[in-house]
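Next comes protein.txt, with compact mmCIF, C-alpha atoms and all ligand atoms.
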# COMPACT_ATOMS: atom_id res chain seq x y z
CA MET F 4 82.31 68.07 167.35
CA GLN F 5 86.07 68.13 167.93
CA ILE F 6 87.18 66.33 171.10
CA TRP F 7 89.54 68.35 173.32
CA TRP F 8 91.88 66.46 175.63
CA VAL F 9 94.74 67.82 177.75
CA PRO F 10 97.60 65.25 177.75
CA ASP F 11 98.26 65.50 181.50
CA PRO F 12 98.55 62.01 183.11
CA CYS F 13 97.77 63.34 186.59
CA GLY F 14 94.68 65.21 185.36
CA ARG F 15 93.54 62.12 183.45
CA ASN F 16 93.55 60.16 186.73
CA TYR F 17 91.44 62.82 188.44
CA VAL F 18 88.88 62.65 185.62
CA PHE F 19 88.61 58.87 186.13
CA ILE F 20 88.30 59.35 189.91
CA ALA F 21 85.53 61.91 189.40
CA GLN F 22 83.62 59.55 187.11
CA ALA F 23 84.15 56.73 189.62
CA ARG F 24 82.76 59.01 192.31
CA ASN F 25 79.67 59.49 190.16
CA LEU F 26 79.25 55.72 190.05
CA GLY F 27 79.89 55.49 193.80
CA THR F 28 76.97 57.71 194.70
CA CYS F 29 74.74 56.25 192.02
CA PRO F 30 71.98 54.76 194.17
CA LYS F 31 70.42 52.52 191.52
CA PRO F 32 70.41 49.29 193.59
CA SER F 33 69.09 50.86 196.77
CA LEU F 34 66.44 52.95 195.07
CA LEU F 35 65.32 50.16 192.78
CA ALA F 36 64.73 48.10 195.93
CA ALA F 37 62.99 50.98 197.66
CA SER F 38 60.73 51.64 194.67
CA GLY F 39 59.35 48.14 195.16
CA LEU F 40 57.60 49.21 198.38
CA CYS F 41 53.85 49.62 198.36
CA GLY F 42 51.71 52.62 199.19
CA ALA F 43 52.86 56.18 199.66
CA LEU F 44 56.48 55.20 200.24
CA ALA F 45 56.59 53.54 196.82
CA LEU F 46 55.27 56.72 195.21
CA ARG F 47 57.86 58.82 196.99
CA SER F 48 60.57 56.34 196.07
CA GLY F 49 59.55 56.53 192.42
CA VAL F 50 59.97 60.29 192.47
CA LEU F 51 63.21 59.84 194.34
CA LEU F 52 64.41 57.32 191.80
CA ALA F 53 63.73 59.74 188.93
CA TRP F 54 65.49 62.51 190.87
CA HIS F 55 68.58 60.41 191.52
CA GLU F 56 68.82 58.90 188.07
CA GLY F 57 68.16 62.23 186.35
CA THR F 58 70.66 64.29 188.34
CA TRP F 59 73.28 61.53 188.19
CA THR F 60 73.00 61.22 184.39
CA LEU F 61 73.10 64.98 183.84
CA ALA F 62 76.06 65.41 186.24
CA ALA F 63 78.06 62.69 184.47
CA TRP F 64 77.16 64.18 181.06
CA ALA F 65 78.16 67.71 182.15
CA HIS F 66 81.43 66.39 183.59
CA LEU F 67 82.44 64.71 180.33
CA ALA F 68 81.26 67.71 178.27
CA CYS F 69 83.37 70.04 180.41
CA ALA F 70 86.44 67.77 180.36
CA LEU F 71 86.31 67.13 176.60
CA SER F 72 85.40 70.65 175.38
CA ASP F 73 87.75 73.30 174.10
CA PRO F 74 87.61 75.82 176.97
CA GLY F 75 88.26 78.73 174.60
CA ALA F 76 91.86 78.32 173.46
CA VAL F 77 93.19 81.31 171.54
CA PRO F 78 94.10 80.16 168.01
CA ARG F 79 97.84 80.06 167.61
CA GLY F 80 99.27 82.62 165.22
CA ALA F 81 96.21 84.87 165.59
CA ALA F 82 98.35 88.02 165.72
CA GLU F 83 101.32 86.93 163.65
CA ALA F 84 100.73 89.82 161.29
CA LEU F 85 101.31 92.35 164.07
CA ALA F 86 104.72 94.02 164.14
CA PRO F 87 106.25 94.53 167.63
CA GLU F 88 105.68 98.31 167.42
CA GLU F 89 102.04 97.65 166.60
CA LEU F 90 101.50 95.67 169.77
CA GLY F 91 101.16 98.74 172.02
CA ASP F 92 99.29 97.68 175.14
CA VAL F 93 98.51 94.25 173.73
CA ARG F 94 99.53 91.48 176.14
CA TRP F 95 101.79 89.03 174.36
CA CYS F 96 102.11 85.36 175.28
CA LYS F 97 105.67 84.25 174.73
CA HIS F 98 104.66 80.58 175.04
CA CYS F 99 101.91 80.57 172.42
CA GLN F 100 103.33 83.47 170.41
CA VAL F 101 99.93 85.15 170.25
CA ALA F 102 98.43 88.42 171.42
CA LYS F 103 96.17 87.64 174.36
CA PRO F 104 92.60 88.88 173.93
CA PRO F 105 91.19 90.79 176.91
CA ARG F 106 90.60 88.47 179.91
CA ALA F 107 92.62 85.63 178.32
CA HIS F 108 95.40 83.96 180.32
CA HIS F 109 98.02 81.35 179.61
CA CYS F 110 97.55 77.96 181.31
CA SER F 111 100.80 76.10 181.90
CA THR F 112 98.99 72.73 182.11
CA CYS F 113 96.94 73.13 178.92
CA GLN F 114 99.89 74.98 177.35
CA ARG F 115 97.49 77.34 175.65
CA CYS F 116 96.06 80.81 176.18
CA ILE F 117 92.44 80.45 177.27
CA ARG F 118 89.80 83.14 176.73
CA LYS F 119 88.13 84.29 179.95
CA MET F 120 90.08 81.68 181.90
CA ASP F 121 88.58 81.08 185.33
CA HIS F 122 90.92 78.38 186.63
CA HIS F 123 92.46 75.04 185.66
CA CYS F 124 90.35 72.32 187.25
CA MET F 125 92.19 69.09 188.05
CA TRP F 126 88.89 67.20 188.34
CA MET F 127 88.11 68.16 184.73
CA ASN F 128 91.72 67.86 183.50
CA ASN F 129 90.85 71.05 181.67
CA CYS F 130 90.68 74.79 182.03
CA ILE F 131 87.36 76.41 182.84
CA GLY F 132 87.02 79.20 180.32
CA ALA F 133 84.68 81.07 177.99
CA ASN F 134 83.51 77.97 176.12
CA ASN F 135 82.95 75.42 178.89
CA GLN F 136 82.01 77.37 182.01
CA LYS F 137 78.38 76.50 181.24
CA HIS F 138 79.19 72.78 181.51
CA PHE F 139 81.11 73.39 184.75
CA LEU F 140 78.16 75.25 186.30
CA LEU F 141 75.74 72.50 185.26
CA PHE F 142 78.06 69.85 186.68
CA LEU F 143 78.12 71.65 190.05
CA ILE F 144 74.34 72.15 190.06
CA TYR F 145 73.45 68.56 189.17
CA THR F 146 76.07 67.01 191.46
CA SER F 147 74.87 69.16 194.37
CA ALA F 148 71.25 68.23 193.65
CA HIS F 149 72.21 64.57 193.40
CA CYS F 150 74.07 64.59 196.72
CA LEU F 151 71.20 66.39 198.48
CA GLY F 152 68.90 63.51 197.48
CA VAL F 153 71.20 60.75 198.72
CA PRO F 154 70.09 60.93 202.41
CA LEU F 155 66.48 60.28 201.37
CA GLY F 156 67.61 57.34 199.23
CA VAL F 157 69.55 55.89 202.16
CA VAL F 158 66.54 56.25 204.47
CA CYS F 159 64.42 54.31 201.95
CA LEU F 160 67.12 51.65 201.74
CA LEU F 161 67.31 51.20 205.51
CA LEU F 162 63.52 51.18 205.94
CA ARG F 163 63.39 48.41 203.35
CA ALA F 164 66.19 46.37 204.93
CA ASP F 165 65.11 43.10 206.55
CA GLU F 166 66.70 42.55 209.97
CA GLU F 167 66.74 38.81 209.35
CA SER F 168 68.60 39.17 206.07
CA PRO F 169 72.33 38.43 205.99
CA TRP F 170 72.63 41.64 203.94
CA TYR F 171 71.16 43.77 206.75
CA HIS F 172 74.52 44.99 208.06
CA VAL F 173 75.92 45.37 204.55
CA ALA F 174 73.00 47.67 203.74
CA HIS F 175 73.80 49.80 206.79
CA ILE F 176 77.50 49.99 205.93
CA CYS F 177 76.70 50.94 202.31
CA GLY F 178 74.19 53.52 203.53
CA VAL F 179 76.64 55.19 205.89
CA ALA F 180 79.42 55.11 203.26
CA GLY F 181 77.06 56.65 200.70
CA LEU F 182 76.06 59.37 203.15
CA LEU F 183 79.68 60.23 203.94
CA LEU F 184 80.67 60.31 200.26
CA ALA F 185 77.65 62.38 199.24
CA GLY F 186 78.19 64.70 202.23
CA CYS F 187 81.82 65.42 201.33
CA VAL F 188 81.23 65.76 197.58
CA GLY F 189 78.01 67.73 198.04
CA ARG F 190 79.58 70.23 200.44
CA PHE F 191 82.53 70.74 198.07
CA CYS F 192 80.28 71.26 195.04
CA VAL F 193 77.84 73.60 196.82
CA GLN F 194 80.77 75.70 198.02
CA LEU F 195 82.23 75.86 194.49
CA LEU F 196 78.81 76.69 193.05
CA MET F 197 78.37 79.58 195.49
CA GLU F 198 81.82 80.85 194.50
CA GLN F 199 80.95 80.66 190.82
CA LEU F 200 77.71 82.58 191.37
CA ARG F 201 79.57 85.27 193.33
CA HIS F 202 82.07 85.60 190.50
CA LEU F 203 79.25 85.85 187.95
CA SER F 204 77.48 88.56 189.92
CA ALA F 205 80.73 90.58 189.89
CA ASN F 206 81.54 89.61 186.27
CA GLN F 207 84.86 88.32 187.55
CA THR F 208 86.87 85.19 186.84
CA GLY F 209 88.84 83.26 189.46
CA ILE F 210 92.10 84.62 188.08
CA GLU F 211 90.77 88.20 188.07
CA LEU F 212 89.79 87.74 191.71
CA LEU F 213 93.44 86.91 192.52
CA GLN F 214 94.62 89.86 190.43
CA GLY F 215 92.09 92.28 191.96
CA THR F 216 90.48 93.12 188.61
CA THR F 217 87.02 92.58 187.11
CA GLY F 218 85.30 92.69 183.75
CA GLU F 219 83.01 95.55 182.80
CA SER F 220 80.19 96.34 185.19
CA ARG F 221 76.94 94.74 184.05
CA SER F 222 73.96 92.79 185.31
CA PHE F 223 74.12 89.23 186.64
CA ARG F 224 71.69 88.19 183.91
CA ALA F 225 73.92 89.59 181.13
CA THR F 226 76.97 87.74 182.50
CA LEU F 227 75.00 84.53 182.98
CA GLN F 228 73.68 84.74 179.41
CA GLU F 229 77.23 85.14 178.11
CA VAL F 230 78.31 82.04 180.05
CA MET F 231 75.33 79.98 178.90
CA GLY F 232 75.95 81.07 175.30
CA SER F 233 72.37 81.81 174.30
CA ALA F 234 69.16 83.53 175.36
CA PRO F 235 67.24 81.77 178.17
CA SER F 236 65.83 78.48 176.92
CA LEU F 237 65.69 74.80 177.84
CA ARG F 238 69.22 74.51 176.38
CA TRP F 239 70.45 76.15 179.58
CA LEU F 240 69.55 72.96 181.45
CA LEU F 241 71.59 70.66 179.22
CA PRO F 242 75.38 70.55 178.67
CA LEU F 243 75.03 71.05 174.92
CA PRO F 244 77.75 72.89 172.98
CA GLU F 245 76.97 76.49 172.07
CA PRO F 246 78.28 78.26 168.96
CA ARG F 247 80.77 80.84 170.22
CA GLY F 248 82.75 81.98 167.21
CA GLU F 249 86.46 81.37 167.71
CA SER F 250 87.83 77.84 167.71
CA ALA F 251 91.09 76.42 168.91
CA ALA F 252 92.35 75.57 165.46
ZN ZN T 1 99.73 81.27 175.90
ZN ZN T 2 94.40 74.62 181.76
Turn this file's structure into structure tokens for me.
Amino acid sequence: MQIWWVPDPCGRNYVFIAQARNLGTCPKPSLLAASGLCGALALRSGVLLAWHEGTWTLAAWAHLACALSDPGAVPRGAAEALAPEELGDVRWCKHCQVAKPPRAHHCSTCQRCIRKMDHHCMWMNNCIGANNQKHFLLFLIYTSAHCLGVPLGVVCLLLRADEESPWYHVAHICGVAGLLLAGCVGRFCVQLLMEQLRHLSANQTGIELLQGTTGESRSFRATLQEVMGSAPSLRWLLPLPEPRGESAA
């Protein structure tokens, strides 16, 4: 698989911050301690541990897949054979020197035309487009799910904390910091996820929303299937690449 990377130093920093955030809310130490409890709490902590570890791993995987995937760049020189009089209503990108396919837009950061461009995401250092919107959706879903589980993990941590231990206050500080971080990140991701679902139900990208246009009218399921790149299957749950035809050669 070809690695895609936008050479934007600012965006690169945001990608590192986002991955650091993933590590920041990773509750391995607290939940490993909590899973050592006996009885019903231990059982619940075991489930909680699997929940946290699973959603954290999938969120980090989806983030990297989204950041390092070709979002659907229009191959340069795709319409070189067209004479100016043949262009007609074709939208021409003077930067890439290509005819833009329907719903494609030029991104000044990626310096490419991107098919079905939704927006350029600084946290991904990449555009969200036809080829990687699946990974973006999965990142939002798994990060939201992860953040929703953090309060339970913190409760387990604090129940486990020994008042006599010199680490008692450190545990409280870490718990509160984790809650604040997960609260901010979770709220942001849930809000973005709701926006994405609204756009999908209208078959509309973020740019089309600003322009007041939409794609053709069709069902939510048809649009979702296009984004996920295949018929409903377990592949929908994993940020695996899907064959989509055009490449960014
Ligand atoms: Zn362009
Ligand atoms: Zn871009």
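Selection of all polymer residues within 8 Å of ligand ZN 2 (chain T) on the basis of only C-alpha atoms and all ligand atoms gives F:Val9, F:His109, F:Cys110, F:Ser111, F:Thr112, F:Cys113, F:Gln114, F:Arg115, F:Ile117, F:His122, F:His123, F:Cys124, F:Asn128, F:Asn129, F:Cys130, F:Ile131.
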From F:Gln100, F:Gln207, F:Asn134, F:Ser233, residue lying nearest ligand ZN 1 (chain T) [only C-alpha atoms and all ligand atoms]: F:Gln100
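Ranking F:Glu167, F:Arg118, F:Trp8, F:Gly156 by their shortest atom-to-atom distance to Val50 of chain F, with all atoms listed in the file included, puts F:Gly156 first.
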Expressed in Å to a single decimal, how great is the separation between atom CA of Leu212 of chain F and atom CA of Leu61 of chain F?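 For atom CA of Leu212 of chain F relative to atom CA of Leu61 of chain F, the distance reads 29.3 Å.
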Considering all atoms listed in the file, return as a VMD selection string whatever protein or nucleic-acid residues lie within 10 Å of Thr216 of chain F, sequence-local ones (same chain, fewer than 4 positions apart) excluded. chain F and resid 106 206 to 208 210 to 212
Neighbouring residues of Leu196 of chain F were defined as those with any atom within 7 Å, considering all atoms listed in the file; residues of the same chain fewer than 3 positions away were excluded. Please report them as JSON, numbers by chain. {"F": [140, 143, 192, 193, 199, 200]}
To test the calculation: enclose all listed atoms of segment 113-118 of chain F in a box whose edges run along x, y and z, add 4 Å on each side, then state centre and edge lengths in Å to one decimal, as JSON.
{"center_x": 94.8, "center_y": 78.1, "center_z": 177.3, "size_x": 18.1, "size_y": 18.0, "size_z": 11.3}
Around the point (81.3, 64.1, 186.5) in the file's coordinates, collect all residues with an atom within 10 Å, using all atoms listed in the file, and return them as a VMD selection string. chain F and resid 18 to 26 59 to 70 126 to 127 139 142 to 143 145 to 146
Which residue, F:Leu240, F:Leu52, F:Leu71, F:Ala76, has the smallest gap to Ile6 of chain F when you use only C-alpha atoms?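 For Ile6 of chain F, the nearest of the candidates is F:Leu71.
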Using only C-alpha atoms, find the one residue out of F:Pro12, F:Pro246, F:Gly178, F:Gly75 that sits nearest to Ala164 of chain F. F:Gly178
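Candidate residues F:Pro10, F:Pro78, F:Gly232, F:Gly132 were compared for distance to ligand ZN 1 (chain T), and the nearest is F:Pro78, using only C-alpha atoms and all ligand atoms.
Atom CA of Val158 of chain F to atom CA of Ile144 of chain F spans 22.8 Å [interatomic distance, one decimal].
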For ligand ZN 1 (chain T), the nearest of the candidates F:Trp170, F:Trp7, F:Trp95, F:Trp54, counting all atoms listed in the file: F:Trp95
